[in-house]
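Below: one structure, written as structure tokens.
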Amino acid sequence: MDSWLFWIISPLAYTSFVFMAAGIGWRLWQWRRKTPSPVRLGIFPKPTGRRKVLRISLDTLLFPQLAEIAPAFWLVVIVFHASLLTVFIGHLHLFSTFPGTLEAVLNRAAEPVGGTAGVLWALTASCLLGRRMCMPYRATSSAGDYLLLLLLLGVILTGCLLRYADLELAVCREYFSSLLVLRPALPAELTVSPYRWLLAAHMVLASLLLACIPFSKLIHFLVAFITNWLRRN
Amino acid sequence: MVDSRSQQKMLEVLEKEANRQFDYYLAACTGCGACSQACHVFRSHREGEYLPAYRIEPLRRICRWQNKAPGRWLRNDRGRAVERAEDLIEKLYKAAYTCTGCRRCMVYCPFGVDLSLIIGVEKAMLAALGRVPEELELLTETAIEKGNSVHLYRGLLRQLIGQLEPELRSITGLPEVAIPIGKKGARVLFVALEGVDRLILPSAIFNLAGEDWTLSEYEASNFGYFLGDRERASRIARRIVDEATALGVEQVAVDECGHAYRVMKHLCPGWTGGELPFQIRSVIELWDSYLQEGRIKIKQDGIKEPATYHDPCQLGRNGGIFEAPRAVIKAIVRDFREMNPNRAKNWCCGGGGGLIARSELEQFRAEAGRMKAEQIRDTGAKLVVAPCGNCRIQLALLNEYYCLGVEVVSIADLLVKSVIRD
């Protein structure tokens with residue numbers, strides 16, 4: 001049996017995904033249970049109506065005020081998150097094909113855009129790790145922060161290597177789309193591929209990272225929307 | 001000593017004060033430290049412990065331990081102390097009481113984390129142990145005591161006011177002047193800062209404008225607020241709410257001071273639960289309306305010296321008063337120069353958060369004001385207008401420490417100097 005490896009990583013992927021979703025739900029519920037502050041503590045001036053929505057979206061997605069006081073850090077963080085977004089979109093292609101021109105665009109963009117995003121992501125993640133090792137930022141960093149960044153680097157680097165692995169996209173898509181519909185199927189090309197170990201490593205690390213989201217600083221991806229709203233409220 | 005009972009008390013306070021926003025902010029702060037560049041204390045001292053995000057680290061640790069082993073957060077599973085309790089308390093104290101609460105970091109934070117809210121909880125926990133700056137504690141108790149037995153002060157206040165009237169006549173040039181107290185149905189209840197100056201200058205403006213006003217028996221400052229003690233802060237604010245309600249005034253005008261206005265306008269209604277039956281304004285807005293309505297007139301030649309305006313943090317980004325003071329100053333001053341940055345992004349003077357009341361911090365404050373001093377120097381102004389009383393004391397210190405050669409004045413100073421007396 002060459003497929004035993006996948007009998008481990010498929011359930012692991014499911015478990016981590018369920019754990020992440022449940023964990024986020026649990027945290028949201030815990031927050032809702034608390035009494036809210038009796039006063040509105042936003043910063044002035046407070047825009048209203050459509051300008052408020054625009055302002056908060058801009059604050060959350062691009063945080064331009066950070067560029068004013070720390071332009072280099074802002075650039076690193078923006079490139080980091082933009083790469084994350086690009087890679088995320090690219091991974092959707094692993095689950096399904098897309099209609100019409102979108103499919104053609106994705107196919108054309110995969111190599112130059114996806115590949116570059118991976119490299120940029122690895123570089124900027126290293127910057128963040130290095131930055132945390134220097135004072136004064138070391139003071140606000142805990143062991144968990146370093147572990148998370150190392151884990152992320154592991155995910156990115158294995159992902160970058162997979163780009164050059166001799167694995168057919170169609171074969172991978174067969175596996176991942178079967179995962180998505182909860183009926184894991186294993187194409188023979190995948191189970192005997194010499195690159196299956198690399199793929200397994202990538203998936204194990206990514207699963208661990210997903211599972212960390214609710215109870216680590218990674219939760220900022222969600223709270224950022226709430227706290228940015230509070231600032232202008 | 002931190003015995004288990006005090007630990008218990010601290011945890012009860014944490015339980016009570018840690019609201020939904022507190023949890024959001026602790027979850028949002030990634031400790032990226034971008035706030036370092038926004039903070040005047042960090043920029044001038046360059047020490048890791050003054051990094052804004054670091055100020056919440058001791059509390060973050062307490063919360064983490066509390067989750068792991070409730071009630072035994074200073075000990076690990078084997079019962080060994082993780083950290084000496086006394087050390088942790090000292091860290092909390094230093095973190096909480098070297099922050100001016102200006103919330104400039106909140107403007108620049110990519111998440112908009114309100115560190116001052118978390119620091120407020122740290123202060124409340126320290127207060128449960130009785131670990132508070134003595135001066136602030138004393139001032140808070142005095143204010144509450146005064147609220148309990150105001151009749152004892154009434155005679156004294158009337159006597160003082162009687163003595164001020166001749167001076168008031170000579171300032172205003174009016175034959176009839178009055179500083180009414182306890183006048184029912186007056187339009188405006190004015191709440192002054194401490195000090196004879198803060199009685200006489202605003203009184204002069206009200207008399208010149210022919211305002212139907214009355215003076216509050218209480219002072220505008222709220223030292224309970226600086227202690228992170230919401231209960232006592234709201235009792236201090238409550239005195240003024242009760243007075244205004246009893247007199248049936250239309251509006252309460254809070255003196256130029258920053259935190260006093262913010263506490264009354266933005267915090268007190270939420271704390272005491274519900275809408276107040278009167279309007280709360282900064283006295284600066286009232287004075288601006290006098291100018292617009294032509295109730296007071298300004299001398300044509302004006303003040304020729306270059307002047308600049310300091311946005312007090314609690315009045316500006318935390319209070320929402322940006323334009324009224326500028327309108328008044330621009331009506332008087334010919335050469336007005338903005339500081340850079342200004343309004344919501346203005347640098348804190350370094351005297352907020354009750355730091356001004358603590359003489360042992362003078363050197364610390366002087367250094368913490370470096371950004372402000374440079375900002376003032378860059379404008380080339382000779383006159384620095386600062387409404388907030390705390391800011392003025394601090395700016396006077398900076399003026400001396402950095403040899404700025406400026407004059408620091410309040411808006412009332414400026415108005416009384418330039419108003420036309422018929």
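The chains in the structure tokens are called A, B, ... from first to last as shown; in each chain the residues are counted from 1, and the ligands are counted from 1 in the order shown.
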Restrict the calculation to only C-alpha atoms, then for each residue of chain B with any atom at most 7 Å from an atom of chain A give the closest atom pair and their distance in Å to one decimal, rows by chain and rising residue number, as a tab-separated table.
```
residue	atom	partner	partner_atom	distance
B:Asn19	CA	A:Thr35	CA	5.4
B:Arg20	CA	A:Pro36	CA	4.8
B:Gln21	CA	A:Pro36	CA	6.4
B:Asp23	CA	A:Trp31	CA	6.9
B:Tyr24	CA	A:Val223	CA	6.5
B:Tyr25	CA	A:Thr227	CA	6.8
B:Ala27	CA	A:His220	CA	6.5
B:Ala28	CA	A:His220	CA	4.7
B:Thr30	CA	A:Lys217	CA	5.6
B:Gly31	CA	A:Thr140	CA	5.1
B:Cys32	CA	A:Tyr137	CA	6.8
B:Gly33	CA	A:Tyr137	CA	5.8
B:Ala34	CA	A:Ala70	CA	6.9
B:Gln37	CA	A:Ile69	CA	6.0
B:Ala38	CA	A:Ile69	CA	6.9
B:Gly48	CA	A:Pro136	CA	4.9
B:Ala53	CA	A:Thr140	CA	6.7
B:Tyr54	CA	A:Thr140	CA	5.5
B:Glu57	CA	A:Thr140	CA	7.0
B:Tyr108	CA	A:Gln65	CA	5.3
B:Cys109	CA	A:Leu66	CA	6.8
B:Pro110	CA	A:Phe63	CA	5.3
B:Phe111	CA	A:Ala224	CA	5.2
B:Gly112	CA	A:Asn228	CA	5.3
B:Val113	CA	A:Thr227	CA	6.5
B:Leu267	CA	A:Val39	CA	5.9
B:Gly270	CA	A:Val39	CA	4.9
B:Trp271	CA	A:Pro38	CA	6.4
B:Arg317	CA	A:Phe44	CA	4.6
B:Asn318	CA	A:Ile43	CA	5.5
B:Gly319	CA	A:Phe44	CA	6.8
B:Gly320	CA	A:Phe44	CA	5.1
B:Ala344	CA	A:Phe44	CA	6.7
```
field: helix (DSSP H, G or I) positions in region 167-331 of chain B, given as a PyMOL selection string
entry: chain B and resi 167-172+197-209+223-226+230-247+258-272+283-293+323-331
message: Just want the 9 Å neighbourhood of Leu139 (chain B), counted on only C-alpha atoms, with same-chain residues fewer than 6 positions away dropped. Output as a ChimeraX atom specification.
response: /B:222-224
File dump, residues just selected, N, CA, C and O atoms, as a tab-separated table (two decimals), in the first residue's frame:
```
chain	number	residue	atom	x	y	z
B	222	ASN	N	-10.60	65.77	37.38
B	222	ASN	CA	-11.10	64.51	37.92
B	222	ASN	C	-9.92	63.55	38.10
B	222	ASN	O	-9.52	62.86	37.17
B	223	PHE	N	-9.37	63.55	39.30
B	223	PHE	CA	-8.17	62.74	39.54
B	223	PHE	C	-8.49	61.26	39.67
B	223	PHE	O	-7.62	60.43	39.49
B	224	GLY	N	-9.75	60.96	39.99
B	224	GLY	CA	-10.15	59.55	40.03
B	224	GLY	C	-9.96	58.89	38.68
B	224	GLY	O	-9.58	57.73	38.58
```
message: Report as JSON, numbers by chain all protein, DNA and RNA residues lying within 12 Å of Glu374 (chain B), evaluated on only C-alpha atoms, omitting residues in the same chain fewer than 6 positions from it.
response: {"B": [40, 44, 339, 340, 341, 347, 349, 367, 368, 380, 381, 395, 398, 399, 401, 402, 403, 404]}
Write a file of the selected residues as a PDB file, in the first residue's frame, keeping N, CA, C and O atoms.
```pdb
ATOM      1  N   HIS B  40       5.633  59.407  22.197  1.00  0.00           N
ATOM      2  CA  HIS B  40       6.646  60.397  22.566  1.00  0.00           C
ATOM      3  C   HIS B  40       7.551  59.887  23.679  1.00  0.00           C
ATOM      4  O   HIS B  40       8.712  60.239  23.741  1.00  0.00           O
ATOM      5  N   SER B  44      11.611  59.446  22.972  1.00  0.00           N
ATOM      6  CA  SER B  44      12.588  60.261  23.687  1.00  0.00           C
ATOM      7  C   SER B  44      13.456  59.443  24.634  1.00  0.00           C
ATOM      8  O   SER B  44      14.576  59.829  24.922  1.00  0.00           O
ATOM      9  N   MET B 339       1.170  73.530  14.122  1.00  0.00           N
ATOM     10  CA  MET B 339       2.261  72.599  14.378  1.00  0.00           C
ATOM     11  C   MET B 339       2.145  71.465  13.366  1.00  0.00           C
ATOM     12  O   MET B 339       1.102  71.252  12.761  1.00  0.00           O
ATOM     13  N   ASN B 340       3.220  70.730  13.204  1.00  0.00           N
ATOM     14  CA  ASN B 340       3.207  69.611  12.271  1.00  0.00           C
ATOM     15  C   ASN B 340       3.737  68.357  12.976  1.00  0.00           C
ATOM     16  O   ASN B 340       4.865  68.367  13.438  1.00  0.00           O
ATOM     17  N   PRO B 341       2.939  67.302  13.106  1.00  0.00           N
ATOM     18  CA  PRO B 341       1.519  67.175  12.756  1.00  0.00           C
ATOM     19  C   PRO B 341       0.623  67.872  13.795  1.00  0.00           C
ATOM     20  O   PRO B 341       1.103  68.246  14.863  1.00  0.00           O
ATOM     21  N   TRP B 347       1.475  65.750  18.683  1.00  0.00           N
ATOM     22  CA  TRP B 347       2.282  65.100  19.720  1.00  0.00           C
ATOM     23  C   TRP B 347       1.776  65.494  21.105  1.00  0.00           C
ATOM     24  O   TRP B 347       1.454  66.655  21.355  1.00  0.00           O
ATOM     25  N   CYS B 349       2.164  66.519  24.954  1.00  0.00           N
ATOM     26  CA  CYS B 349       3.176  67.358  25.604  1.00  0.00           C
ATOM     27  C   CYS B 349       4.012  66.543  26.585  1.00  0.00           C
ATOM     28  O   CYS B 349       5.115  66.927  26.940  1.00  0.00           O
ATOM     29  N   GLU B 367      12.106  65.005  29.619  1.00  0.00           N
ATOM     30  CA  GLU B 367      12.652  64.246  28.492  1.00  0.00           C
ATOM     31  C   GLU B 367      11.553  63.741  27.569  1.00  0.00           C
ATOM     32  O   GLU B 367      11.710  63.727  26.349  1.00  0.00           O
ATOM     33  N   ALA B 368      10.451  63.332  28.181  1.00  0.00           N
ATOM     34  CA  ALA B 368       9.351  62.800  27.371  1.00  0.00           C
ATOM     35  C   ALA B 368       8.746  63.868  26.466  1.00  0.00           C
ATOM     36  O   ALA B 368       8.036  63.545  25.514  1.00  0.00           O
ATOM     37  N   GLY B 380       8.556  78.212  14.937  1.00  0.00           N
ATOM     38  CA  GLY B 380       9.100  79.553  15.101  1.00  0.00           C
ATOM     39  C   GLY B 380       8.164  80.485  15.852  1.00  0.00           C
ATOM     40  O   GLY B 380       8.370  81.701  15.866  1.00  0.00           O
ATOM     41  N   ALA B 381       7.135  79.923  16.488  1.00  0.00           N
ATOM     42  CA  ALA B 381       6.162  80.752  17.199  1.00  0.00           C
ATOM     43  C   ALA B 381       6.744  81.274  18.510  1.00  0.00           C
ATOM     44  O   ALA B 381       7.627  80.664  19.104  1.00  0.00           O
ATOM     45  N   LEU B 395       4.202  72.413  29.374  1.00  0.00           N
ATOM     46  CA  LEU B 395       4.835  73.222  28.327  1.00  0.00           C
ATOM     47  C   LEU B 395       5.755  74.272  28.947  1.00  0.00           C
ATOM     48  O   LEU B 395       6.812  74.599  28.383  1.00  0.00           O
ATOM     49  N   LEU B 398       8.889  72.481  29.609  1.00  0.00           N
ATOM     50  CA  LEU B 398       9.644  72.261  28.376  1.00  0.00           C
ATOM     51  C   LEU B 398      10.299  73.560  27.902  1.00  0.00           C
ATOM     52  O   LEU B 398      11.433  73.559  27.412  1.00  0.00           O
ATOM     53  N   ASN B 399       9.578  74.653  28.054  1.00  0.00           N
ATOM     54  CA  ASN B 399      10.079  75.965  27.665  1.00  0.00           C
ATOM     55  C   ASN B 399      11.413  76.245  28.351  1.00  0.00           C
ATOM     56  O   ASN B 399      12.380  76.691  27.725  1.00  0.00           O
ATOM     57  N   TYR B 401      13.359  73.837  30.023  1.00  0.00           N
ATOM     58  CA  TYR B 401      14.303  72.731  29.841  1.00  0.00           C
ATOM     59  C   TYR B 401      14.977  72.788  28.474  1.00  0.00           C
ATOM     60  O   TYR B 401      16.160  72.497  28.338  1.00  0.00           O
ATOM     61  N   TYR B 402      14.213  73.162  27.440  1.00  0.00           N
ATOM     62  CA  TYR B 402      14.759  73.185  26.087  1.00  0.00           C
ATOM     63  C   TYR B 402      15.053  74.600  25.599  1.00  0.00           C
ATOM     64  O   TYR B 402      15.331  74.803  24.416  1.00  0.00           O
ATOM     65  N   CYS B 403      14.962  75.593  26.521  1.00  0.00           N
ATOM     66  CA  CYS B 403      15.214  76.999  26.192  1.00  0.00           C
ATOM     67  C   CYS B 403      14.468  77.419  24.924  1.00  0.00           C
ATOM     68  O   CYS B 403      15.078  77.868  23.946  1.00  0.00           O
ATOM     69  N   LEU B 404      13.160  77.242  24.925  1.00  0.00           N
ATOM     70  CA  LEU B 404      12.375  77.535  23.728  1.00  0.00           C
ATOM     71  C   LEU B 404      12.110  79.026  23.565  1.00  0.00           C
ATOM     72  O   LEU B 404      11.858  79.490  22.455  1.00  0.00           O
TER      73      LEU B 404
END
```
query: What does the distance from CA of Val409 (chain B) to CA of Tyr261 (chain B) come to in Å, to one decimal?
result: 18.7 Å
query: So which residues touch Leu84 (chain A) within 9 Å, counting only C-alpha atoms, skipping near sequence neighbours fewer than 4 positions away, as an MDAnalysis selection string?
result: chainID A and resid 79:80 88:89 117:118 121
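Residues in contact with Glu168 (chain A) at 9 Å, where only C-alpha atoms are counted and same-chain residues fewer than 5 positions away are skipped, are listed as A:Arg173, A:Glu189, A:Leu190.
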message: Can you pull out the residues contacting Pro180 (chain B)? Cut-off 12 Å, using only C-alpha atoms, and skip same-chain residues under 5 positions away; I want them as a ChimeraX atom specification.
response: /B:157-158,161-162,165,185-186,188-190,199,203,206-207,211-217
- prompt: Quick one: DSSP strand (DSSP E or B) residues in region 34-212 of chain B, as an MDAnalysis selection string?
  reply: chainID B and resid 75 81 181 188:192
